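Undergrad: My file is final01.cif. It has mmCIF, C-alpha atoms and all ligand atoms:
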data_start
#
loop_
_atom_site.label_atom_id
_atom_site.label_comp_id
_atom_site.auth_asym_id
_atom_site.auth_seq_id
_atom_site.Cartn_x
_atom_site.Cartn_y
_atom_site.Cartn_z
CA MET A 15 -5.51 -25.57 -48.61
CA PRO A 16 -2.99 -27.38 -46.40
CA SER A 17 -0.91 -24.29 -45.67
CA VAL A 18 -3.95 -22.32 -44.47
CA ARG A 19 -5.08 -25.17 -42.19
CA CYS A 20 -1.57 -25.45 -40.84
CA ALA A 21 -1.33 -21.74 -40.18
CA ALA A 22 -4.70 -21.81 -38.42
CA PHE A 23 -3.62 -24.79 -36.29
CA VAL A 24 -0.37 -23.09 -35.34
CA LEU A 25 -2.23 -19.89 -34.44
CA PHE A 26 -4.74 -21.63 -32.18
CA ALA A 27 -2.07 -23.88 -30.71
CA LEU A 28 0.05 -20.89 -29.75
CA LEU A 29 -2.72 -18.57 -28.56
CA PRO A 30 -3.37 -20.03 -25.10
CA SER A 31 0.30 -20.19 -24.22
CA CYS A 32 0.78 -16.59 -25.33
CA LEU A 33 -2.10 -15.47 -23.12
CA GLU A 34 -0.78 -17.46 -20.18
CA VAL A 35 2.63 -15.85 -20.51
CA GLN A 36 1.29 -12.29 -20.72
CA GLY A 37 -1.16 -12.53 -17.81
CA PRO A 38 1.00 -13.66 -14.87
CA ALA A 39 4.03 -11.75 -16.18
CA ARG A 40 2.14 -8.46 -15.89
CA ARG A 41 0.55 -9.24 -12.52
CA ASP A 42 3.75 -10.51 -10.93
CA LYS A 43 6.18 -7.84 -12.03
CA TYR A 44 6.63 -6.79 -8.38
CA PRO A 45 5.93 -9.88 -6.29
CA ILE A 46 6.56 -9.58 -2.59
CA ARG A 47 7.83 -12.45 -0.43
CA ASP A 48 8.75 -13.31 3.14
CA VAL A 49 5.88 -11.21 4.49
CA VAL A 50 6.03 -11.03 8.27
CA THR A 51 3.49 -9.43 10.60
CA PRO A 52 5.14 -9.71 14.02
CA THR A 53 1.93 -9.36 15.99
CA GLY A 54 -0.08 -11.78 13.92
CA GLU A 55 -2.42 -9.51 11.93
CA ALA A 56 -3.37 -10.76 8.49
CA LEU A 57 -2.12 -8.86 5.46
CA GLU A 58 -5.04 -9.17 3.06
CA SER A 59 -4.10 -9.50 -0.58
CA ALA A 60 -7.54 -10.35 -1.98
CA CYS A 61 -9.31 -7.12 -2.94
CA THR A 62 -13.11 -7.06 -3.06
CA PRO A 63 -14.51 -4.08 -5.02
CA SER A 64 -16.96 -2.03 -2.95
CA GLY A 65 -17.76 0.69 -5.50
CA PRO A 66 -16.11 3.90 -6.74
CA GLU A 67 -12.88 5.02 -5.11
CA MET A 68 -13.51 6.84 -1.82
CA CYS A 69 -11.04 9.50 -0.64
CA PHE A 70 -8.81 9.34 2.41
CA ASP A 71 -9.82 5.89 3.68
CA ALA A 72 -6.58 4.05 2.74
CA ILE A 73 -8.74 1.45 0.99
CA ASP A 74 -8.52 0.47 -2.68
CA ASN A 75 -12.31 0.59 -3.01
CA ASN A 76 -12.39 -0.10 -6.77
CA CYS A 77 -9.58 -2.68 -6.62
CA ASN A 78 -7.52 -1.10 -9.40
CA GLY A 79 -4.38 -1.50 -7.27
CA ILE A 80 -4.18 2.22 -6.39
CA LEU A 81 -5.10 3.74 -3.03
CA ASP A 82 -7.28 6.86 -2.88
CA GLU A 83 -6.62 7.91 -6.49
CA GLY A 84 -8.33 11.08 -7.70
CA CYS A 85 -8.13 12.53 -4.17
CA GLY A 86 -4.92 14.55 -4.46
CA VAL A 87 -2.97 11.73 -2.81
CA HIS A 88 0.22 10.85 -4.67
CA THR A 89 0.85 7.30 -5.76
CA GLY A 90 3.63 5.30 -7.36
CA ILE A 91 4.75 1.73 -7.89
CA LEU A 92 5.06 1.68 -4.11
CA GLN A 93 2.48 3.38 -1.90
CA PHE A 94 1.71 2.99 1.79
CA THR A 95 -1.27 4.77 3.37
CA ILE A 96 -2.89 4.82 6.79
CA ALA A 97 -6.21 6.38 7.75
CA TRP A 98 -7.90 6.66 11.11
CA ASP A 99 -11.17 8.16 12.31
CA ALA A 100 -10.04 10.04 15.44
CA PRO A 101 -8.50 13.39 14.36
CA GLU A 102 -7.35 14.08 17.94
CA ALA A 103 -5.02 11.11 17.87
CA ASP A 104 -1.54 11.26 16.35
CA VAL A 105 -0.75 8.06 14.48
CA ASP A 106 2.52 7.72 12.61
CA LEU A 107 3.35 5.74 9.48
CA VAL A 108 7.05 4.87 9.56
CA VAL A 109 8.36 3.27 6.38
CA THR A 110 11.95 2.06 6.21
CA ASP A 111 13.20 1.36 2.71
CA ALA A 112 15.57 -1.35 1.51
CA SER A 113 18.60 0.88 2.23
CA GLY A 114 17.50 1.33 5.84
CA ASP A 115 16.41 4.94 5.33
CA VAL A 116 13.27 6.12 7.14
CA VAL A 117 10.92 7.99 4.79
CA GLN A 118 10.36 11.62 5.82
CA PRO A 119 7.83 14.28 4.80
CA GLY A 120 8.97 16.39 1.84
CA GLU A 121 12.46 14.91 1.74
CA PRO A 122 12.80 11.87 -0.56
CA THR A 123 15.09 9.01 0.38
CA SER A 124 17.79 8.03 -2.11
CA SER A 125 15.40 5.30 -3.29
CA GLY A 126 12.75 7.94 -4.14
CA LEU A 127 10.23 7.38 -1.36
CA VAL A 128 8.65 10.43 0.25
CA LYS A 129 5.74 11.23 2.58
CA ASP A 130 3.20 13.76 1.25
CA TYR A 131 0.49 13.54 3.91
CA ASP A 132 1.46 13.71 7.58
CA CYS A 133 -1.45 14.22 10.00
CA PRO A 134 -2.01 15.96 12.37
CA GLY A 135 -1.00 18.95 10.27
CA ASP A 136 -2.22 21.90 8.25
CA ARG A 137 -4.02 19.96 5.54
CA PRO A 138 -7.83 20.29 5.85
CA GLN A 139 -8.55 16.56 5.92
CA CYS A 140 -6.32 16.14 8.98
CA ALA A 141 -9.16 17.75 10.95
CA SER A 142 -11.79 15.30 9.73
CA GLN A 143 -10.27 12.19 8.16
CA PRO A 144 -6.56 12.03 8.99
CA ILE A 145 -4.20 10.05 6.78
CA GLU A 146 -0.50 9.57 6.19
CA ASN A 147 0.78 8.63 2.74
CA VAL A 148 4.17 7.46 1.46
CA TYR A 149 4.81 6.90 -2.24
CA LEU A 150 7.59 6.21 -4.73
CA MET A 151 8.15 9.37 -6.78
CA GLY A 152 9.27 7.54 -9.92
CA GLY A 153 11.55 4.97 -11.45
CA GLU A 154 11.98 1.37 -10.42
CA PRO A 155 11.58 0.47 -6.75
CA GLU A 156 14.67 -0.53 -4.86
CA ARG A 157 14.85 -4.28 -4.28
CA GLY A 158 15.30 -5.58 -0.78
CA ARG A 159 13.63 -5.63 2.62
CA TYR A 160 11.02 -3.03 3.55
CA LYS A 161 9.53 -2.38 6.99
CA VAL A 162 6.23 -0.59 7.56
CA VAL A 163 5.40 0.43 11.14
CA VAL A 164 2.18 2.04 12.35
CA LYS A 165 2.43 3.53 15.81
CA LEU A 166 0.15 5.48 18.09
CA ASP A 167 2.17 8.52 19.17
CA LYS A 168 -0.46 10.50 21.13
CA LEU A 169 -4.09 9.85 21.99
CA GLY A 170 -4.87 13.57 22.23
CA GLY A 171 -8.05 12.86 24.15
CA ALA A 172 -9.37 10.24 21.73
CA GLN A 173 -10.93 7.09 23.14
CA PRO A 174 -8.72 4.03 22.66
CA PRO A 175 -8.37 1.75 20.89
CA ILE A 176 -7.71 3.76 17.71
CA GLN A 177 -8.83 1.85 14.63
CA VAL A 178 -6.38 2.29 11.75
CA ARG A 179 -6.65 1.08 8.17
CA LEU A 180 -3.38 0.38 6.42
CA GLY A 181 -3.20 0.03 2.65
CA ALA A 182 -0.15 -0.84 0.58
CA ARG A 183 0.36 -0.75 -3.17
CA VAL A 184 3.13 -2.78 -4.76
CA GLY A 185 3.00 -2.59 -8.55
CA GLN A 186 -0.64 -3.07 -9.54
CA ARG A 187 -1.58 -5.01 -6.42
CA SER A 188 -2.99 -3.62 -3.22
CA TYR A 189 -2.76 -5.08 0.27
CA ALA A 190 -4.73 -4.18 3.36
CA MET A 191 -4.51 -4.54 7.11
CA ARG A 192 -6.80 -3.37 9.92
CA LEU A 193 -5.12 -2.38 13.15
CA SER A 194 -6.26 -1.56 16.63
CA LEU A 195 -3.85 0.61 18.64
CA SER A 196 -3.87 1.51 22.33
CA PRO A 197 -1.33 3.53 24.33
CA GLY A 198 1.60 1.90 26.00
CA GLY A 199 3.90 -0.96 25.17
CA ASP A 200 3.21 -3.51 22.48
CA ALA A 201 -0.40 -2.39 21.88
CA ALA A 202 0.76 0.99 20.53
CA GLU A 203 2.61 -0.37 17.52
CA ARG A 204 2.00 -2.75 14.62
CA ALA A 205 4.26 -3.59 11.70
CA PHE A 206 4.76 -5.67 8.62
CA GLU A 207 7.84 -6.46 6.63
CA PHE A 208 8.33 -7.82 3.15
CA THR A 209 11.01 -8.41 0.58
CA LEU A 210 10.62 -6.96 -2.91
CA CA B 301 -8.33 2.43 -6.18
CA CA B 302 -9.96 4.73 -1.15
#
If you took the structure in this file and wrote it as structure tokens, what would it be?

TA:
Amino acid sequence: MPSVRCAAFVLFALLPSCLEVQGPARRDKYPIRDVVTPTGEALESACTPSGPEMCFDAIDNNCNGILDEGCGVHTGILQFTIAWDAPEADVDLVVTDASGDVVQPGEPTSSGLVKDYDCPGDRPQCASQPIENVYLMGGEPERGRYKVVVKLDKLGGAQPPIQVRLGARVGQRSYAMRLSLSPGGDAAERAFEFTL
């Protein structure tokens, strides 16, 4: 039975390398690099599951790489979401794509990014758990430099600092940052940049 033994040896010899190739290739299809957080906050890339997905918290609770899925929030290969607990406050999520276009509500950029949640606004959850959400509508994401800015526009009577959770999805990976914003100057704005 030499041919059978040989075939078995070849199979087992090849199996680990095949698995190694498939694993990282799928995880790293959209790696990000040159991540910069100008004010020193950490961009967390290690996700710790905390249970079923919770809505409108900008956290990937179940660590499947998608933020607030099943909540009516759109997602795509790229997704950026902020959530904050003070409905009186107006916090803005300003995403600039690789072409330099700022993503607007209801009006996709040429790269296909659009904002579907923009609180304060008419949506019911703006009154209780405000969020803003930007997502890629379809297709491949544009390669290049992206900038994500979170800024406190108006306090609206809320007590500063405003605690904001920022979540980002790139491919099947999620990233997280916790921000503390206060009115005036540098304290009102936080950002991170990355190259895709
Ligand atoms: Ca999730
Ligand atoms: Ca969530």

Undergrad: Per residue of chain A within 10 Å of ligand CA 302 (chain B), what are the shortest atom pair and its distance in Å to one decimal, counting only C-alpha atoms and all ligand atoms, with rows by chain and residue number, as a Markdown table?

TA:
| residue | atom | partner | partner_atom | distance |
| --- | --- | --- | --- | --- |
| A:Ser64 | CA | B:CA302 | CA | 9.9 |
| A:Gly65 | CA | B:CA302 | CA | 9.8 |
| A:Pro66 | CA | B:CA302 | CA | 8.4 |
| A:Glu67 | CA | B:CA302 | CA | 4.9 |
| A:Met68 | CA | B:CA302 | CA | 4.2 |
| A:Cys69 | CA | B:CA302 | CA | 4.9 |
| A:Phe70 | CA | B:CA302 | CA | 5.9 |
| A:Asp71 | CA | B:CA302 | CA | 5.0 |
| A:Ala72 | CA | B:CA302 | CA | 5.2 |
| A:Ile73 | CA | B:CA302 | CA | 4.1 |
| A:Asp74 | CA | B:CA302 | CA | 4.7 |
| A:Asn75 | CA | B:CA302 | CA | 5.1 |
| A:Asn76 | CA | B:CA302 | CA | 7.8 |
| A:Cys77 | CA | B:CA302 | CA | 9.2 |
| A:Ile80 | CA | B:CA302 | CA | 8.2 |
| A:Leu81 | CA | B:CA302 | CA | 5.3 |
| A:Asp82 | CA | B:CA302 | CA | 3.8 |
| A:Glu83 | CA | B:CA302 | CA | 7.1 |
| A:Gly84 | CA | B:CA302 | CA | 9.3 |
| A:Cys85 | CA | B:CA302 | CA | 8.6 |
| A:Thr95 | CA | B:CA302 | CA | 9.8 |
| A:Ala97 | CA | B:CA302 | CA | 9.8 |
| A:Gly181 | CA | B:CA302 | CA | 9.1 |

Undergrad: Hey, can you check how far atom CA of A:Tyr160 sits from atom CA of A:Asn78?

TA: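 According to the coordinates, atom CA of A:Tyr160 and atom CA of A:Asn78 are separated by 22.7 Å.
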
Undergrad: With all atoms listed in the file as the counted atoms, please give the residues lying no more than 6 Å from A:Gly126, apart from itself and same-chain residues fewer than 4 positions off, as an mmCIF file with C-alpha atoms, in the frame of the given file.

TA:
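So result16.cif came out as:
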data_model
loop_
_atom_site.group_PDB
_atom_site.id
_atom_site.type_symbol
_atom_site.label_atom_id
_atom_site.label_comp_id
_atom_site.auth_asym_id
_atom_site.auth_seq_id
_atom_site.Cartn_x
_atom_site.Cartn_y
_atom_site.Cartn_z
ATOM 1 C CA PRO A 122 12.800 11.870 -0.560
ATOM 2 C CA LEU A 150 7.590 6.210 -4.730
ATOM 3 C CA MET A 151 8.150 9.370 -6.780
#

Undergrad: By how many Å are atom CA of A:Gln118 and atom CA of A:Lys168 apart?

TA: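 That distance, rounded to one decimal, is 18.8 Å.
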
Undergrad: Counting all atoms listed in the file, figure out which residue out of A:Cys61, A:Ile145, A:Leu210, A:Leu127 gets nearest to A:Asp48.

TA: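 Closest to A:Asp48, using all atoms listed in the file: A:Leu210.
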
Undergrad: Please provide the set of residues having any atom within 9 Å of stretch 204-206 of chain A, restricted to all atoms listed in the file, with same-chain residues fewer than 4 positions apart removed, written as number ranges by chain.

TA: A: 49-53, 55, 57, 160-165, 193-195, 200

Undergrad: Which one of A:Arg187, A:Asp130, A:Ser125, A:Phe208 sits closest to ligand CA 301 (chain B) if you count all atoms listed in the file?

TA: A:Arg187
